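Okay, model25.txt now, which holds compact mmCIF, N, CA and C atoms:
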```txt
# COMPACT_ATOMS: atom_id res chain seq x y z
N MET A 1 0.85 -1.16 0.00
CA MET A 1 0.00 0.00 0.00
C MET A 1 0.90 1.23 0.00
N ALA A 2 0.66 2.16 -0.90
CA ALA A 2 1.49 3.35 -1.02
C ALA A 2 1.18 4.34 0.10
N ARG A 3 2.19 5.13 0.47
CA ARG A 3 1.99 6.15 1.49
C ARG A 3 1.12 7.27 0.96
N GLN A 4 0.34 7.81 1.84
CA GLN A 4 -0.52 8.92 1.43
C GLN A 4 0.32 10.20 1.39
N THR A 5 0.03 11.02 0.42
CA THR A 5 0.71 12.31 0.35
C THR A 5 -0.03 13.30 1.24
N ARG A 6 0.60 14.43 1.47
CA ARG A 6 -0.01 15.46 2.30
C ARG A 6 -1.32 15.93 1.68
N ALA A 7 -1.35 16.01 0.35
CA ALA A 7 -2.58 16.46 -0.31
C ALA A 7 -3.72 15.47 -0.11
N HIS A 8 -3.41 14.16 -0.14
CA HIS A 8 -4.44 13.16 0.09
C HIS A 8 -5.01 13.27 1.50
N ARG A 9 -4.12 13.47 2.48
CA ARG A 9 -4.60 13.58 3.86
C ARG A 9 -5.46 14.82 4.05
N ARG A 10 -5.05 15.94 3.45
CA ARG A 10 -5.85 17.16 3.57
C ARG A 10 -7.21 17.00 2.91
N ALA A 11 -7.24 16.35 1.75
CA ALA A 11 -8.52 16.13 1.06
C ALA A 11 -9.43 15.23 1.88
N ARG A 12 -8.86 14.24 2.52
CA ARG A 12 -9.66 13.33 3.33
C ARG A 12 -10.23 14.06 4.54
N ARG A 13 -9.41 14.90 5.19
CA ARG A 13 -9.90 15.68 6.33
C ARG A 13 -11.00 16.65 5.92
N ALA A 14 -10.85 17.25 4.75
CA ALA A 14 -11.85 18.21 4.28
C ALA A 14 -13.16 17.49 3.96
N GLY A 15 -13.10 16.26 3.51
CA GLY A 15 -14.31 15.52 3.15
C GLY A 15 -15.01 14.87 4.31
N ARG A 16 -14.48 14.98 5.51
CA ARG A 16 -15.11 14.35 6.67
C ARG A 16 -16.44 14.98 7.02
N GLY A 17 -16.52 16.23 6.90
CA GLY A 17 -17.78 16.89 7.23
C GLY A 17 -17.78 17.42 8.65
N PRO A 18 -18.83 18.20 9.00
CA PRO A 18 -18.86 18.86 10.31
C PRO A 18 -19.15 17.93 11.47
N GLY A 19 -19.74 16.77 11.25
CA GLY A 19 -20.12 15.87 12.34
C GLY A 19 -18.94 15.18 12.98
N ARG A 20 -17.84 15.10 12.27
CA ARG A 20 -16.68 14.38 12.79
C ARG A 20 -15.80 15.30 13.61
N GLU A 21 -15.08 14.72 14.52
CA GLU A 21 -14.19 15.47 15.38
C GLU A 21 -12.95 15.86 14.59
N ALA A 22 -12.60 17.12 14.59
CA ALA A 22 -11.43 17.58 13.84
C ALA A 22 -10.19 17.43 14.70
N THR A 23 -9.07 17.16 14.05
CA THR A 23 -7.81 17.06 14.77
C THR A 23 -6.88 18.13 14.25
N LEU A 24 -5.92 18.46 15.06
CA LEU A 24 -4.92 19.42 14.65
C LEU A 24 -4.00 18.79 13.61
N PRO A 25 -3.51 19.58 12.67
CA PRO A 25 -2.58 19.00 11.69
C PRO A 25 -1.35 18.44 12.40
N GLY A 26 -1.04 17.20 12.10
CA GLY A 26 0.10 16.55 12.71
C GLY A 26 -0.17 16.01 14.10
N GLY A 27 -1.38 16.21 14.61
CA GLY A 27 -1.72 15.75 15.95
C GLY A 27 -2.18 14.30 15.91
N PRO A 28 -2.51 13.76 17.07
CA PRO A 28 -2.96 12.37 17.10
C PRO A 28 -4.34 12.23 16.49
N PRO A 29 -4.67 11.06 15.98
CA PRO A 29 -6.00 10.85 15.41
C PRO A 29 -7.04 10.85 16.52
N PRO A 30 -8.32 11.08 16.17
CA PRO A 30 -9.35 11.07 17.20
C PRO A 30 -9.47 9.70 17.83
N ARG A 31 -9.80 9.65 19.12
CA ARG A 31 -9.91 8.38 19.83
C ARG A 31 -11.21 7.69 19.48
N ARG A 32 -11.13 6.43 19.30
CA ARG A 32 -12.32 5.62 19.02
C ARG A 32 -12.82 5.03 20.32
N PRO A 33 -14.12 4.87 20.45
CA PRO A 33 -14.63 4.26 21.69
C PRO A 33 -14.20 2.79 21.75
N THR A 34 -13.83 2.34 22.93
CA THR A 34 -13.41 0.96 23.10
C THR A 34 -14.60 0.10 23.48
N ALA A 35 -14.49 -1.17 23.20
CA ALA A 35 -15.56 -2.09 23.54
C ALA A 35 -15.52 -2.42 25.02
N ARG A 36 -16.63 -2.47 25.65
CA ARG A 36 -16.73 -2.81 27.06
C ARG A 36 -16.93 -4.31 27.18
N ALA A 37 -16.64 -4.83 28.34
CA ALA A 37 -16.78 -6.27 28.57
C ALA A 37 -18.23 -6.70 28.39
N ALA A 38 -19.17 -5.86 28.76
CA ALA A 38 -20.59 -6.22 28.64
C ALA A 38 -21.03 -6.21 27.17
N ASP A 39 -20.34 -5.43 26.33
CA ASP A 39 -20.73 -5.33 24.92
C ASP A 39 -20.22 -6.51 24.09
N ARG A 40 -19.25 -7.21 24.61
CA ARG A 40 -18.66 -8.31 23.85
C ARG A 40 -19.61 -9.50 23.84
N PRO A 41 -19.70 -10.19 22.70
CA PRO A 41 -20.58 -11.37 22.66
C PRO A 41 -19.97 -12.51 23.47
N GLU A 42 -20.80 -13.32 24.01
CA GLU A 42 -20.38 -14.48 24.79
C GLU A 42 -19.80 -15.53 23.84
N PRO A 43 -18.60 -16.04 24.11
CA PRO A 43 -18.02 -17.04 23.20
C PRO A 43 -18.85 -18.32 23.22
N SER A 44 -19.03 -18.89 22.05
CA SER A 44 -19.82 -20.13 21.97
C SER A 44 -18.97 -21.29 22.45
N ARG A 45 -19.55 -22.11 23.26
CA ARG A 45 -18.85 -23.27 23.81
C ARG A 45 -19.54 -24.53 23.36
N GLU A 46 -18.71 -25.45 22.86
CA GLU A 46 -19.26 -26.74 22.44
C GLU A 46 -19.32 -27.65 23.67
N PRO A 47 -20.30 -28.51 23.72
CA PRO A 47 -20.35 -29.45 24.84
C PRO A 47 -19.15 -30.39 24.78
N ARG A 48 -18.66 -30.76 25.95
CA ARG A 48 -17.49 -31.64 26.00
C ARG A 48 -17.85 -33.02 25.47
N ALA A 49 -16.90 -33.58 24.73
CA ALA A 49 -17.09 -34.92 24.19
C ALA A 49 -16.81 -35.95 25.29
N LEU A 50 -17.31 -37.13 25.09
CA LEU A 50 -17.08 -38.20 26.04
C LEU A 50 -15.62 -38.65 25.97
N PRO A 51 -15.06 -39.11 27.07
CA PRO A 51 -13.67 -39.58 27.04
C PRO A 51 -13.52 -40.74 26.07
N GLY A 52 -12.40 -40.77 25.38
CA GLY A 52 -12.15 -41.83 24.41
C GLY A 52 -12.53 -41.45 23.00
N GLY A 53 -13.36 -40.44 22.83
CA GLY A 53 -13.75 -40.01 21.49
C GLY A 53 -12.64 -39.26 20.78
N GLY A 54 -11.70 -38.75 21.54
CA GLY A 54 -10.59 -38.01 20.95
C GLY A 54 -9.66 -38.90 20.16
N LEU A 55 -9.51 -40.15 20.57
CA LEU A 55 -8.63 -41.06 19.87
C LEU A 55 -9.16 -41.36 18.47
N ARG A 56 -10.45 -41.59 18.37
CA ARG A 56 -11.05 -41.87 17.05
C ARG A 56 -10.90 -40.65 16.14
N ARG A 57 -11.16 -39.46 16.67
CA ARG A 57 -11.03 -38.24 15.88
C ARG A 57 -9.59 -38.03 15.44
N PHE A 58 -8.65 -38.29 16.35
CA PHE A 58 -7.23 -38.16 16.02
C PHE A 58 -6.85 -39.08 14.87
N ILE A 59 -7.32 -40.33 14.92
CA ILE A 59 -6.98 -41.30 13.87
C ILE A 59 -7.60 -40.88 12.55
N VAL A 60 -8.85 -40.42 12.56
CA VAL A 60 -9.51 -40.00 11.33
C VAL A 60 -8.79 -38.79 10.73
N GLU A 61 -8.44 -37.82 11.57
CA GLU A 61 -7.75 -36.63 11.06
C GLU A 61 -6.34 -36.97 10.56
N SER A 62 -5.66 -37.88 11.27
CA SER A 62 -4.32 -38.29 10.84
C SER A 62 -4.39 -39.00 9.50
N TRP A 63 -5.37 -39.86 9.33
CA TRP A 63 -5.53 -40.58 8.05
C TRP A 63 -5.82 -39.58 6.92
N GLY A 64 -6.62 -38.57 7.20
CA GLY A 64 -6.90 -37.55 6.20
C GLY A 64 -5.65 -36.78 5.81
N GLU A 65 -4.81 -36.47 6.80
CA GLU A 65 -3.55 -35.76 6.51
C GLU A 65 -2.60 -36.65 5.72
N LEU A 66 -2.57 -37.94 6.03
CA LEU A 66 -1.69 -38.85 5.30
C LEU A 66 -2.10 -38.98 3.84
N LYS A 67 -3.37 -38.80 3.56
CA LYS A 67 -3.82 -38.85 2.16
C LYS A 67 -3.32 -37.64 1.38
N LYS A 68 -3.05 -36.53 2.08
CA LYS A 68 -2.61 -35.31 1.40
C LYS A 68 -1.11 -35.32 1.10
N VAL A 69 -0.37 -36.23 1.75
CA VAL A 69 1.09 -36.25 1.61
C VAL A 69 1.47 -36.70 0.20
N GLU A 70 2.48 -36.02 -0.35
CA GLU A 70 3.03 -36.44 -1.64
C GLU A 70 4.18 -37.40 -1.33
N TRP A 71 3.92 -38.69 -1.47
CA TRP A 71 4.89 -39.71 -1.11
C TRP A 71 5.96 -39.79 -2.19
N PRO A 72 7.21 -40.12 -1.80
CA PRO A 72 8.29 -40.22 -2.79
C PRO A 72 8.11 -41.44 -3.68
N THR A 73 8.64 -41.31 -4.89
CA THR A 73 8.62 -42.46 -5.81
C THR A 73 9.69 -43.45 -5.36
N GLN A 74 9.70 -44.63 -6.02
CA GLN A 74 10.66 -45.65 -5.63
C GLN A 74 12.09 -45.17 -5.90
N SER A 75 12.30 -44.49 -7.02
CA SER A 75 13.65 -44.03 -7.33
C SER A 75 14.10 -42.95 -6.34
N GLN A 76 13.19 -42.06 -5.92
CA GLN A 76 13.55 -41.06 -4.93
C GLN A 76 13.87 -41.70 -3.59
N LEU A 77 13.13 -42.74 -3.24
CA LEU A 77 13.36 -43.44 -1.99
C LEU A 77 14.72 -44.14 -2.00
N ILE A 78 15.04 -44.81 -3.08
CA ILE A 78 16.34 -45.49 -3.20
C ILE A 78 17.47 -44.48 -3.14
N GLN A 79 17.30 -43.35 -3.83
CA GLN A 79 18.34 -42.31 -3.82
C GLN A 79 18.55 -41.77 -2.41
N GLY A 80 17.48 -41.54 -1.68
CA GLY A 80 17.61 -41.05 -0.31
C GLY A 80 18.30 -42.04 0.60
N VAL A 81 17.97 -43.33 0.45
CA VAL A 81 18.60 -44.37 1.27
C VAL A 81 20.09 -44.45 0.97
N VAL A 82 20.46 -44.36 -0.31
CA VAL A 82 21.87 -44.41 -0.68
C VAL A 82 22.63 -43.23 -0.08
N VAL A 83 22.04 -42.05 -0.13
CA VAL A 83 22.70 -40.86 0.44
C VAL A 83 22.91 -41.05 1.93
N VAL A 84 21.93 -41.56 2.63
CA VAL A 84 22.06 -41.76 4.09
C VAL A 84 23.13 -42.81 4.39
N LEU A 85 23.16 -43.90 3.64
CA LEU A 85 24.15 -44.94 3.89
C LEU A 85 25.57 -44.44 3.63
N ILE A 86 25.76 -43.67 2.56
CA ILE A 86 27.08 -43.12 2.27
C ILE A 86 27.50 -42.14 3.37
N ALA A 87 26.57 -41.30 3.82
CA ALA A 87 26.89 -40.36 4.90
C ALA A 87 27.27 -41.12 6.17
N CYS A 88 26.55 -42.19 6.50
CA CYS A 88 26.87 -42.99 7.68
C CYS A 88 28.25 -43.63 7.55
N LEU A 89 28.58 -44.11 6.37
CA LEU A 89 29.89 -44.72 6.13
C LEU A 89 31.01 -43.70 6.31
N ILE A 90 30.83 -42.50 5.76
CA ILE A 90 31.85 -41.46 5.89
C ILE A 90 32.04 -41.06 7.35
N VAL A 91 30.96 -40.86 8.07
CA VAL A 91 31.06 -40.48 9.48
C VAL A 91 31.68 -41.61 10.30
N GLY A 92 31.32 -42.85 9.99
CA GLY A 92 31.90 -44.00 10.70
C GLY A 92 33.40 -44.10 10.49
N ILE A 93 33.85 -43.90 9.25
CA ILE A 93 35.29 -43.95 8.96
C ILE A 93 36.01 -42.81 9.70
N PHE A 94 35.41 -41.63 9.70
CA PHE A 94 36.02 -40.49 10.41
C PHE A 94 36.15 -40.79 11.90
N LEU A 95 35.09 -41.30 12.51
CA LEU A 95 35.13 -41.58 13.94
C LEU A 95 36.13 -42.69 14.26
N TYR A 96 36.21 -43.72 13.42
CA TYR A 96 37.16 -44.81 13.63
C TYR A 96 38.59 -44.27 13.57
N THR A 97 38.87 -43.44 12.57
CA THR A 97 40.21 -42.87 12.42
C THR A 97 40.55 -41.96 13.60
N ALA A 98 39.60 -41.13 14.01
CA ALA A 98 39.84 -40.24 15.15
C ALA A 98 40.08 -41.05 16.41
N ASP A 99 39.37 -42.15 16.59
CA ASP A 99 39.54 -43.00 17.76
C ASP A 99 40.93 -43.61 17.78
N ILE A 100 41.40 -44.11 16.64
CA ILE A 100 42.74 -44.71 16.56
C ILE A 100 43.81 -43.66 16.88
N VAL A 101 43.66 -42.45 16.29
CA VAL A 101 44.65 -41.40 16.49
C VAL A 101 44.68 -40.97 17.95
N PHE A 102 43.53 -40.72 18.55
CA PHE A 102 43.51 -40.28 19.94
C PHE A 102 43.94 -41.39 20.90
N LYS A 103 43.66 -42.64 20.54
CA LYS A 103 44.09 -43.76 21.39
C LYS A 103 45.62 -43.80 21.46
N ARG A 104 46.28 -43.68 20.29
CA ARG A 104 47.76 -43.69 20.26
C ARG A 104 48.29 -42.44 20.97
N PHE A 105 47.64 -41.30 20.79
CA PHE A 105 48.09 -40.07 21.43
C PHE A 105 48.05 -40.21 22.94
N VAL A 106 46.97 -40.74 23.47
CA VAL A 106 46.81 -40.87 24.92
C VAL A 106 47.81 -41.90 25.46
N GLN A 107 47.95 -43.05 24.76
CA GLN A 107 48.85 -44.08 25.26
C GLN A 107 50.31 -43.66 25.22
N ASN A 108 50.73 -43.01 24.14
CA ASN A 108 52.16 -42.72 23.95
C ASN A 108 52.58 -41.38 24.55
N VAL A 109 51.70 -40.37 24.50
CA VAL A 109 52.11 -39.04 24.95
C VAL A 109 51.67 -38.78 26.39
N LEU A 110 50.42 -38.98 26.67
CA LEU A 110 49.90 -38.61 27.99
C LEU A 110 50.27 -39.64 29.06
N LEU A 111 50.20 -40.92 28.74
CA LEU A 111 50.49 -41.95 29.72
C LEU A 111 51.96 -42.36 29.70
N GLY A 112 52.67 -41.99 28.64
CA GLY A 112 54.10 -42.11 28.56
C GLY A 112 54.71 -43.38 28.33
```
Please go through the file and, once you have read it, give me the structure as structure tokens.
Amino acid sequence: MARQTRAHRRARRAGRGPGREATLPGGPPPRRPTARAADRPEPSREPRALPGGGLRRFIVESWGELKKVEWPTQSQLIQGVVVVLIACLIVGIFLYTADIVFKRFVQNVLLG
């Protein structure tokens, strides 16, 4: 939304008419009446469901959400599994190498 120019604001103030409260140029806008607690509508409350009914609703809603999921194809699944296995292999080799190096360091340098 574009900013209003000074001319737009002046035109809007001039078009308000005599019934509206005028404000000083650059002053705060007129205060609006606030809603009172008695004026607010009472929130609608649903009756409580019987215990155990939540599980059935949860399963139905979960099944509906699972229908919306875009499941991977077989090739995407295989590709993802291969990436995870390669990453596990690389991390395993790194940890094994670090273990061997630190084991020799502790035995030969620290323990003497």
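Picture a line from atom C of Val91 (chain A) to atom N of Leu111 (chain A); it runs 26.1 Å.
CA of Ala87 (chain A) to atom C of Phe102 (chain A) spans 23.4 Å [interatomic distance, one decimal].
Going from atom N of Arg3 (chain A) over to atom N of Pro29 (chain A), you cover 18.0 Å.
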In region 45-98 of chain A, DSSP helix (DSSP H, G or I) residues written as a VMD selection string: chain A and resid 53 to 68 74 to 98
Can you report as lines of an AutoDock Vina configuration file the centre and edge lengths in Å, to one decimal, of an axis-aligned box around the listed atoms of region 95-108 of chain A padded with 3 Å on each side?
```
center_x = 43.8
center_y = -42.4
center_z = 18.9
size_x = 23.5
size_y = 10.7
size_z = 19.0
```
